[in-house]
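Source file: data.txt; contents: compact mmCIF, N, CA and C atoms.
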# COMPACT_ATOMS: atom_id res chain seq x y z
N MET B 1 14.01 11.91 10.85
CA MET B 1 13.03 10.86 10.62
C MET B 1 13.65 9.51 11.00
N PHE B 2 12.99 8.45 10.67
CA PHE B 2 13.44 7.13 11.06
C PHE B 2 13.62 6.25 9.83
N SER B 3 14.47 5.28 9.98
CA SER B 3 14.64 4.26 8.93
C SER B 3 15.06 2.98 9.63
N GLY B 4 15.15 1.92 8.84
CA GLY B 4 15.52 0.64 9.42
C GLY B 4 14.32 -0.03 10.06
N GLY B 5 14.60 -1.00 10.90
CA GLY B 5 13.55 -1.72 11.60
C GLY B 5 13.51 -3.18 11.19
N SER B 6 12.87 -3.98 12.02
CA SER B 6 12.73 -5.40 11.73
C SER B 6 11.76 -5.58 10.56
N TYR B 7 11.76 -6.77 10.01
CA TYR B 7 10.87 -7.08 8.89
C TYR B 7 9.40 -6.80 9.28
N ASP B 8 9.00 -7.23 10.47
CA ASP B 8 7.62 -7.03 10.92
C ASP B 8 7.30 -5.57 11.18
N ASP B 9 8.26 -4.82 11.74
CA ASP B 9 8.04 -3.39 11.97
C ASP B 9 7.83 -2.65 10.65
N VAL B 10 8.66 -2.97 9.68
CA VAL B 10 8.57 -2.31 8.37
C VAL B 10 7.27 -2.72 7.68
N LYS B 11 6.88 -3.96 7.83
CA LYS B 11 5.62 -4.44 7.23
C LYS B 11 4.44 -3.68 7.82
N ARG B 12 4.43 -3.51 9.12
CA ARG B 12 3.36 -2.76 9.80
C ARG B 12 3.33 -1.32 9.30
N TRP B 13 4.50 -0.69 9.20
CA TRP B 13 4.58 0.68 8.71
C TRP B 13 4.06 0.75 7.27
N LEU B 14 4.47 -0.18 6.42
CA LEU B 14 4.06 -0.17 5.02
C LEU B 14 2.54 -0.32 4.90
N ARG B 15 1.95 -1.23 5.66
CA ARG B 15 0.50 -1.42 5.63
C ARG B 15 -0.22 -0.12 6.01
N MET B 16 0.22 0.52 7.07
CA MET B 16 -0.42 1.77 7.51
C MET B 16 -0.22 2.88 6.48
N PHE B 17 0.97 2.95 5.90
CA PHE B 17 1.26 3.97 4.88
C PHE B 17 0.37 3.77 3.66
N LEU B 18 0.29 2.54 3.18
CA LEU B 18 -0.53 2.25 2.00
C LEU B 18 -2.00 2.56 2.28
N ASN B 19 -2.51 2.14 3.42
CA ASN B 19 -3.90 2.42 3.77
C ASN B 19 -4.15 3.92 3.89
N SER B 20 -3.25 4.61 4.52
CA SER B 20 -3.40 6.05 4.72
C SER B 20 -3.57 6.79 3.40
N HIS B 21 -2.75 6.46 2.43
CA HIS B 21 -2.79 7.19 1.16
C HIS B 21 -3.89 6.67 0.23
N ALA B 22 -4.18 5.40 0.27
CA ALA B 22 -5.27 4.86 -0.56
C ALA B 22 -6.61 5.42 -0.09
N LYS B 23 -6.79 5.53 1.22
CA LYS B 23 -8.05 6.01 1.77
C LYS B 23 -8.27 7.50 1.51
N ARG B 24 -7.26 8.22 1.10
CA ARG B 24 -7.44 9.62 0.72
C ARG B 24 -8.23 9.73 -0.58
N GLU B 25 -8.22 8.67 -1.35
CA GLU B 25 -9.01 8.63 -2.59
C GLU B 25 -10.42 8.13 -2.32
N ASN B 26 -10.56 7.16 -1.43
CA ASN B 26 -11.86 6.64 -1.05
C ASN B 26 -11.66 5.86 0.26
N PRO B 27 -12.44 6.19 1.30
CA PRO B 27 -12.24 5.54 2.59
C PRO B 27 -12.50 4.03 2.60
N ARG B 28 -13.14 3.51 1.56
CA ARG B 28 -13.43 2.08 1.52
C ARG B 28 -12.32 1.26 0.86
N VAL B 29 -11.31 1.91 0.32
CA VAL B 29 -10.19 1.18 -0.28
C VAL B 29 -9.30 0.65 0.84
N GLU B 30 -8.93 -0.61 0.74
CA GLU B 30 -8.09 -1.27 1.76
C GLU B 30 -6.80 -1.77 1.14
N ALA B 31 -5.70 -1.61 1.84
CA ALA B 31 -4.43 -2.20 1.42
C ALA B 31 -4.31 -3.58 2.05
N VAL B 32 -3.93 -4.56 1.25
CA VAL B 32 -3.77 -5.93 1.71
C VAL B 32 -2.33 -6.35 1.44
N LEU B 33 -1.64 -6.87 2.44
CA LEU B 33 -0.29 -7.37 2.25
C LEU B 33 -0.30 -8.88 2.17
N ASP B 34 0.49 -9.39 1.26
CA ASP B 34 0.62 -10.83 1.03
C ASP B 34 1.31 -11.47 2.23
N ASP B 35 0.78 -12.58 2.67
CA ASP B 35 1.37 -13.31 3.80
C ASP B 35 2.20 -14.51 3.33
N ASP B 36 2.69 -14.45 2.13
CA ASP B 36 3.48 -15.54 1.55
C ASP B 36 4.79 -15.69 2.32
N ASP B 37 5.01 -16.87 2.90
CA ASP B 37 6.22 -17.13 3.69
C ASP B 37 7.49 -17.03 2.85
N GLU B 38 7.39 -17.21 1.55
CA GLU B 38 8.57 -17.13 0.70
C GLU B 38 9.15 -15.72 0.65
N ARG B 39 8.35 -14.72 0.97
CA ARG B 39 8.80 -13.33 0.98
C ARG B 39 9.47 -12.95 2.30
N GLU B 40 9.20 -13.70 3.34
CA GLU B 40 9.64 -13.37 4.69
C GLU B 40 11.10 -12.93 4.73
N GLY B 41 11.31 -11.72 5.23
CA GLY B 41 12.66 -11.18 5.38
C GLY B 41 13.25 -10.58 4.11
N ARG B 42 12.54 -10.71 2.98
CA ARG B 42 13.10 -10.22 1.72
C ARG B 42 12.26 -9.13 1.05
N SER B 43 10.93 -9.34 1.02
CA SER B 43 10.09 -8.41 0.28
C SER B 43 8.66 -8.47 0.78
N TYR B 44 7.85 -7.58 0.23
CA TYR B 44 6.42 -7.53 0.53
C TYR B 44 5.66 -7.48 -0.78
N GLY B 45 4.51 -8.11 -0.81
CA GLY B 45 3.59 -7.99 -1.92
C GLY B 45 2.33 -7.35 -1.39
N ALA B 46 1.79 -6.38 -2.10
CA ALA B 46 0.59 -5.68 -1.64
C ALA B 46 -0.30 -5.34 -2.82
N TRP B 47 -1.56 -5.22 -2.53
CA TRP B 47 -2.50 -4.73 -3.53
C TRP B 47 -3.58 -3.95 -2.80
N LEU B 48 -4.32 -3.15 -3.55
CA LEU B 48 -5.44 -2.40 -3.00
C LEU B 48 -6.72 -3.12 -3.37
N ARG B 49 -7.68 -3.09 -2.46
CA ARG B 49 -8.93 -3.80 -2.69
C ARG B 49 -10.10 -2.86 -2.39
N LEU B 50 -11.12 -2.96 -3.23
CA LEU B 50 -12.38 -2.26 -3.01
C LEU B 50 -13.49 -3.25 -3.33
N GLY B 51 -14.10 -3.78 -2.29
CA GLY B 51 -15.10 -4.82 -2.50
C GLY B 51 -14.47 -6.02 -3.17
N GLU B 52 -15.03 -6.43 -4.29
CA GLU B 52 -14.50 -7.59 -5.02
C GLU B 52 -13.44 -7.21 -6.05
N HIS B 53 -13.16 -5.93 -6.17
CA HIS B 53 -12.17 -5.46 -7.14
C HIS B 53 -10.82 -5.24 -6.46
N SER B 54 -9.73 -5.46 -7.20
CA SER B 54 -8.40 -5.22 -6.63
C SER B 54 -7.44 -4.80 -7.73
N THR B 55 -6.36 -4.19 -7.30
CA THR B 55 -5.30 -3.78 -8.22
C THR B 55 -4.37 -4.96 -8.47
N GLY B 56 -3.43 -4.76 -9.35
CA GLY B 56 -2.38 -5.74 -9.52
C GLY B 56 -1.44 -5.70 -8.33
N LEU B 57 -0.62 -6.71 -8.23
CA LEU B 57 0.33 -6.83 -7.13
C LEU B 57 1.41 -5.75 -7.23
N MET B 58 1.65 -5.07 -6.13
CA MET B 58 2.75 -4.12 -6.00
C MET B 58 3.80 -4.81 -5.16
N GLU B 59 5.04 -4.81 -5.61
CA GLU B 59 6.11 -5.47 -4.87
C GLU B 59 7.06 -4.44 -4.29
N PHE B 60 7.50 -4.71 -3.07
CA PHE B 60 8.40 -3.82 -2.34
C PHE B 60 9.53 -4.63 -1.73
N ASP B 61 10.74 -4.20 -1.94
CA ASP B 61 11.91 -4.83 -1.34
C ASP B 61 12.03 -4.37 0.12
N TYR B 62 12.15 -5.31 1.02
CA TYR B 62 12.23 -4.99 2.44
C TYR B 62 13.34 -3.99 2.74
N HIS B 63 14.54 -4.24 2.23
CA HIS B 63 15.67 -3.36 2.55
C HIS B 63 15.46 -1.96 1.99
N GLU B 64 14.86 -1.85 0.82
CA GLU B 64 14.59 -0.53 0.24
C GLU B 64 13.59 0.25 1.09
N VAL B 65 12.50 -0.41 1.48
CA VAL B 65 11.50 0.27 2.30
C VAL B 65 12.11 0.66 3.65
N ALA B 66 12.83 -0.26 4.28
CA ALA B 66 13.44 0.02 5.58
C ALA B 66 14.42 1.18 5.48
N GLN B 67 15.19 1.24 4.43
CA GLN B 67 16.20 2.29 4.27
C GLN B 67 15.58 3.65 3.97
N HIS B 68 14.50 3.68 3.19
CA HIS B 68 13.98 4.95 2.69
C HIS B 68 12.71 5.46 3.35
N ARG B 69 12.12 4.70 4.26
CA ARG B 69 10.84 5.11 4.82
C ARG B 69 10.92 6.40 5.64
N GLY B 70 12.09 6.85 5.97
CA GLY B 70 12.25 8.11 6.68
C GLY B 70 12.58 9.28 5.77
N GLU B 71 12.57 9.06 4.46
CA GLU B 71 12.92 10.11 3.50
C GLU B 71 11.66 10.69 2.87
N LEU B 72 11.50 11.99 3.02
CA LEU B 72 10.30 12.66 2.54
C LEU B 72 10.07 12.47 1.04
N ALA B 73 11.10 12.63 0.23
CA ALA B 73 10.94 12.51 -1.23
C ALA B 73 10.52 11.09 -1.62
N TRP B 74 11.12 10.09 -1.00
CA TRP B 74 10.78 8.70 -1.31
C TRP B 74 9.33 8.42 -0.90
N CYS B 75 8.95 8.89 0.28
CA CYS B 75 7.58 8.68 0.76
C CYS B 75 6.57 9.41 -0.13
N ALA B 76 6.91 10.60 -0.58
CA ALA B 76 6.00 11.35 -1.46
C ALA B 76 5.79 10.62 -2.78
N ALA B 77 6.85 10.06 -3.33
CA ALA B 77 6.73 9.30 -4.58
C ALA B 77 5.89 8.04 -4.38
N LEU B 78 6.09 7.35 -3.27
CA LEU B 78 5.30 6.16 -2.97
C LEU B 78 3.83 6.53 -2.75
N ALA B 79 3.59 7.62 -2.04
CA ALA B 79 2.22 8.07 -1.80
C ALA B 79 1.51 8.35 -3.12
N GLU B 80 2.18 9.01 -4.04
CA GLU B 80 1.57 9.29 -5.35
C GLU B 80 1.30 8.00 -6.11
N ARG B 81 2.21 7.06 -6.04
CA ARG B 81 2.00 5.76 -6.70
C ARG B 81 0.76 5.06 -6.14
N VAL B 82 0.62 5.06 -4.83
CA VAL B 82 -0.52 4.40 -4.18
C VAL B 82 -1.82 5.12 -4.53
N ARG B 83 -1.80 6.43 -4.50
CA ARG B 83 -3.01 7.18 -4.83
C ARG B 83 -3.42 6.97 -6.27
N GLN B 84 -2.45 6.86 -7.17
CA GLN B 84 -2.76 6.59 -8.57
C GLN B 84 -3.37 5.19 -8.73
N GLU B 85 -2.82 4.22 -8.02
CA GLU B 85 -3.39 2.87 -8.04
C GLU B 85 -4.83 2.90 -7.53
N ALA B 86 -5.07 3.66 -6.47
CA ALA B 86 -6.43 3.76 -5.91
C ALA B 86 -7.38 4.41 -6.91
N ARG B 87 -6.93 5.47 -7.58
CA ARG B 87 -7.78 6.13 -8.58
C ARG B 87 -8.10 5.20 -9.73
N THR B 88 -7.12 4.42 -10.16
CA THR B 88 -7.35 3.44 -11.23
C THR B 88 -8.35 2.39 -10.78
N LEU B 89 -8.21 1.92 -9.55
CA LEU B 89 -9.14 0.95 -8.99
C LEU B 89 -10.56 1.53 -8.95
N LEU B 90 -10.68 2.75 -8.50
CA LEU B 90 -12.00 3.39 -8.41
C LEU B 90 -12.62 3.57 -9.79
N ALA B 91 -11.82 3.93 -10.76
CA ALA B 91 -12.34 4.13 -12.10
C ALA B 91 -12.87 2.84 -12.71
N GLY B 92 -12.30 1.72 -12.34
CA GLY B 92 -12.71 0.44 -12.90
C GLY B 92 -13.73 -0.30 -12.06
N SER B 93 -14.14 0.28 -10.95
CA SER B 93 -15.05 -0.41 -10.04
C SER B 93 -16.46 0.14 -10.19
N THR B 94 -17.40 -0.73 -10.40
CA THR B 94 -18.78 -0.28 -10.46
C THR B 94 -19.33 0.04 -9.08
N THR B 95 -18.70 -0.52 -8.04
CA THR B 95 -19.16 -0.26 -6.68
C THR B 95 -18.57 1.04 -6.14
N ALA B 96 -17.64 1.64 -6.84
CA ALA B 96 -17.01 2.86 -6.35
C ALA B 96 -17.99 4.01 -6.25
N ASN B 97 -19.01 4.00 -7.07
CA ASN B 97 -19.97 5.09 -7.09
C ASN B 97 -21.14 4.88 -6.14
N VAL B 98 -21.16 3.74 -5.45
CA VAL B 98 -22.21 3.46 -4.48
C VAL B 98 -21.86 4.19 -3.19
N ARG B 99 -22.80 4.92 -2.63
CA ARG B 99 -22.54 5.67 -1.40
C ARG B 99 -22.26 4.77 -0.22
N ALA B 100 -21.23 5.09 0.53
CA ALA B 100 -20.94 4.33 1.76
C ALA B 100 -21.98 4.66 2.81
N ARG B 101 -22.36 3.68 3.60
CA ARG B 101 -23.37 3.90 4.65
C ARG B 101 -22.71 4.14 5.96
Is it possible to express this structure as structure tokens?
Amino acid sequence: MFSGGSYDDVKRWLRMFLNSHAKRENPRVEAVLDDDDEREGRSYGAWLRLGEHSTGLMEFDYHEVAQHRGELAWCAALAERVRQEARTLLAGSTTANVRAR
């Protein structure tokens, strides 16, 4: 597998990973990454959004994600965390039960 990468490469991977696993719970859930310049090169802030509802902020250390993104066990644990966040979001959202068109 792969690990490492520039801050932007890892950010792109993280966004796709979060979206991929959140959408397994509901295709309308979106992962949003914080564009705060203070995090640049150090960490990422992300949350899941469904319409006007969102989860709390999830924080990720850049070096940890870069180092472990190629490890199956680490990715599986992160995937479960994201899916649980998505399920919690869906349970608290009144729009979650509205059929997508």
With DSSP run on the backbone, what are the strand (DSSP E or B) residues within chain B? I'd like them as a PDB file with N, CA and C atoms, in the frame of the given file.
ATOM      1  N   GLU B  30      -8.930  -0.610   0.740  1.00  0.00           N
ATOM      2  CA  GLU B  30      -8.090  -1.270   1.760  1.00  0.00           C
ATOM      3  C   GLU B  30      -6.800  -1.770   1.140  1.00  0.00           C
ATOM      4  N   ALA B  31      -5.700  -1.610   1.840  1.00  0.00           N
ATOM      5  CA  ALA B  31      -4.430  -2.200   1.420  1.00  0.00           C
ATOM      6  C   ALA B  31      -4.310  -3.580   2.050  1.00  0.00           C
ATOM      7  N   VAL B  32      -3.930  -4.560   1.250  1.00  0.00           N
ATOM      8  CA  VAL B  32      -3.770  -5.930   1.710  1.00  0.00           C
ATOM      9  C   VAL B  32      -2.330  -6.350   1.440  1.00  0.00           C
ATOM     10  N   LEU B  33      -1.640  -6.870   2.440  1.00  0.00           N
ATOM     11  CA  LEU B  33      -0.290  -7.370   2.250  1.00  0.00           C
ATOM     12  C   LEU B  33      -0.300  -8.880   2.170  1.00  0.00           C
ATOM     13  N   SER B  43      10.930  -9.340   1.020  1.00  0.00           N
ATOM     14  CA  SER B  43      10.090  -8.410   0.280  1.00  0.00           C
ATOM     15  C   SER B  43       8.660  -8.470   0.780  1.00  0.00           C
ATOM     16  N   TYR B  44       7.850  -7.580   0.230  1.00  0.00           N
ATOM     17  CA  TYR B  44       6.420  -7.530   0.530  1.00  0.00           C
ATOM     18  C   TYR B  44       5.660  -7.480  -0.780  1.00  0.00           C
ATOM     19  N   GLY B  45       4.510  -8.110  -0.810  1.00  0.00           N
ATOM     20  CA  GLY B  45       3.590  -7.990  -1.920  1.00  0.00           C
ATOM     21  C   GLY B  45       2.330  -7.350  -1.390  1.00  0.00           C
ATOM     22  N   ALA B  46       1.790  -6.380  -2.100  1.00  0.00           N
ATOM     23  CA  ALA B  46       0.590  -5.680  -1.640  1.00  0.00           C
ATOM     24  C   ALA B  46      -0.300  -5.340  -2.820  1.00  0.00           C
ATOM     25  N   TRP B  47      -1.560  -5.220  -2.530  1.00  0.00           N
ATOM     26  CA  TRP B  47      -2.500  -4.730  -3.530  1.00  0.00           C
ATOM     27  C   TRP B  47      -3.580  -3.950  -2.800  1.00  0.00           C
ATOM     28  N   LEU B  48      -4.320  -3.150  -3.550  1.00  0.00           N
ATOM     29  CA  LEU B  48      -5.440  -2.400  -3.000  1.00  0.00           C
ATOM     30  C   LEU B  48      -6.720  -3.120  -3.370  1.00  0.00           C
ATOM     31  N   ARG B  49      -7.680  -3.090  -2.460  1.00  0.00           N
ATOM     32  CA  ARG B  49      -8.930  -3.800  -2.690  1.00  0.00           C
ATOM     33  C   ARG B  49     -10.100  -2.860  -2.390  1.00  0.00           C
ATOM     34  N   LEU B  50     -11.120  -2.960  -3.230  1.00  0.00           N
ATOM     35  CA  LEU B  50     -12.380  -2.260  -3.010  1.00  0.00           C
ATOM     36  C   LEU B  50     -13.490  -3.250  -3.330  1.00  0.00           C
ATOM     37  N   HIS B  53     -13.160  -5.930  -6.170  1.00  0.00           N
ATOM     38  CA  HIS B  53     -12.170  -5.460  -7.140  1.00  0.00           C
ATOM     39  C   HIS B  53     -10.820  -5.240  -6.460  1.00  0.00           C
ATOM     40  N   SER B  54      -9.730  -5.460  -7.200  1.00  0.00           N
ATOM     41  CA  SER B  54      -8.400  -5.220  -6.630  1.00  0.00           C
ATOM     42  C   SER B  54      -7.440  -4.800  -7.730  1.00  0.00           C
ATOM     43  N   MET B  58       1.650  -5.070  -6.130  1.00  0.00           N
ATOM     44  CA  MET B  58       2.750  -4.120  -6.000  1.00  0.00           C
ATOM     45  C   MET B  58       3.800  -4.810  -5.160  1.00  0.00           C
ATOM     46  N   GLU B  59       5.040  -4.810  -5.610  1.00  0.00           N
ATOM     47  CA  GLU B  59       6.110  -5.470  -4.870  1.00  0.00           C
ATOM     48  C   GLU B  59       7.060  -4.440  -4.290  1.00  0.00           C
ATOM     49  N   PHE B  60       7.500  -4.710  -3.070  1.00  0.00           N
ATOM     50  CA  PHE B  60       8.400  -3.820  -2.340  1.00  0.00           C
ATOM     51  C   PHE B  60       9.530  -4.630  -1.730  1.00  0.00           C
ATOM     52  N   ASP B  61      10.740  -4.200  -1.940  1.00  0.00           N
ATOM     53  CA  ASP B  61      11.910  -4.830  -1.340  1.00  0.00           C
ATOM     54  C   ASP B  61      12.030  -4.370   0.120  1.00  0.00           C
TER      55      ASP B  61
END
Once you add 4 Å to each side, what are the centre and edge lengths of the axis-aligned box holding all listed atoms of range 7-20 of chain B? One decimal in Å, as lines of an AutoDock Vina configuration file, if you can.
center_x = 3.8
center_y = -0.2
center_z = 7.0
size_x = 23.9
size_y = 22.0
size_z = 18.0
**Item:** Exercise: range 37-44 of chain B partners within 7 Å, all atoms listed in the file, chain neighbours under 5 positions left out, as a list in words
**Value:**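 My list of contacting residues is Tyr7, Met58, Glu59, Phe60, Asp61, Tyr62 and His63 of chain B.
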**Message:** Quick check, in Å to one decimal: how far apart do CA of Pro27 in chain B and CA of Val82 in chain B lie?
**Reply:** 13.6 Å
**Item:** Separation of atom C of Ala22 in chain B from atom N of Glu64 in chain B, in Å and rounded to one decimal
**Value:** 22.7 Å
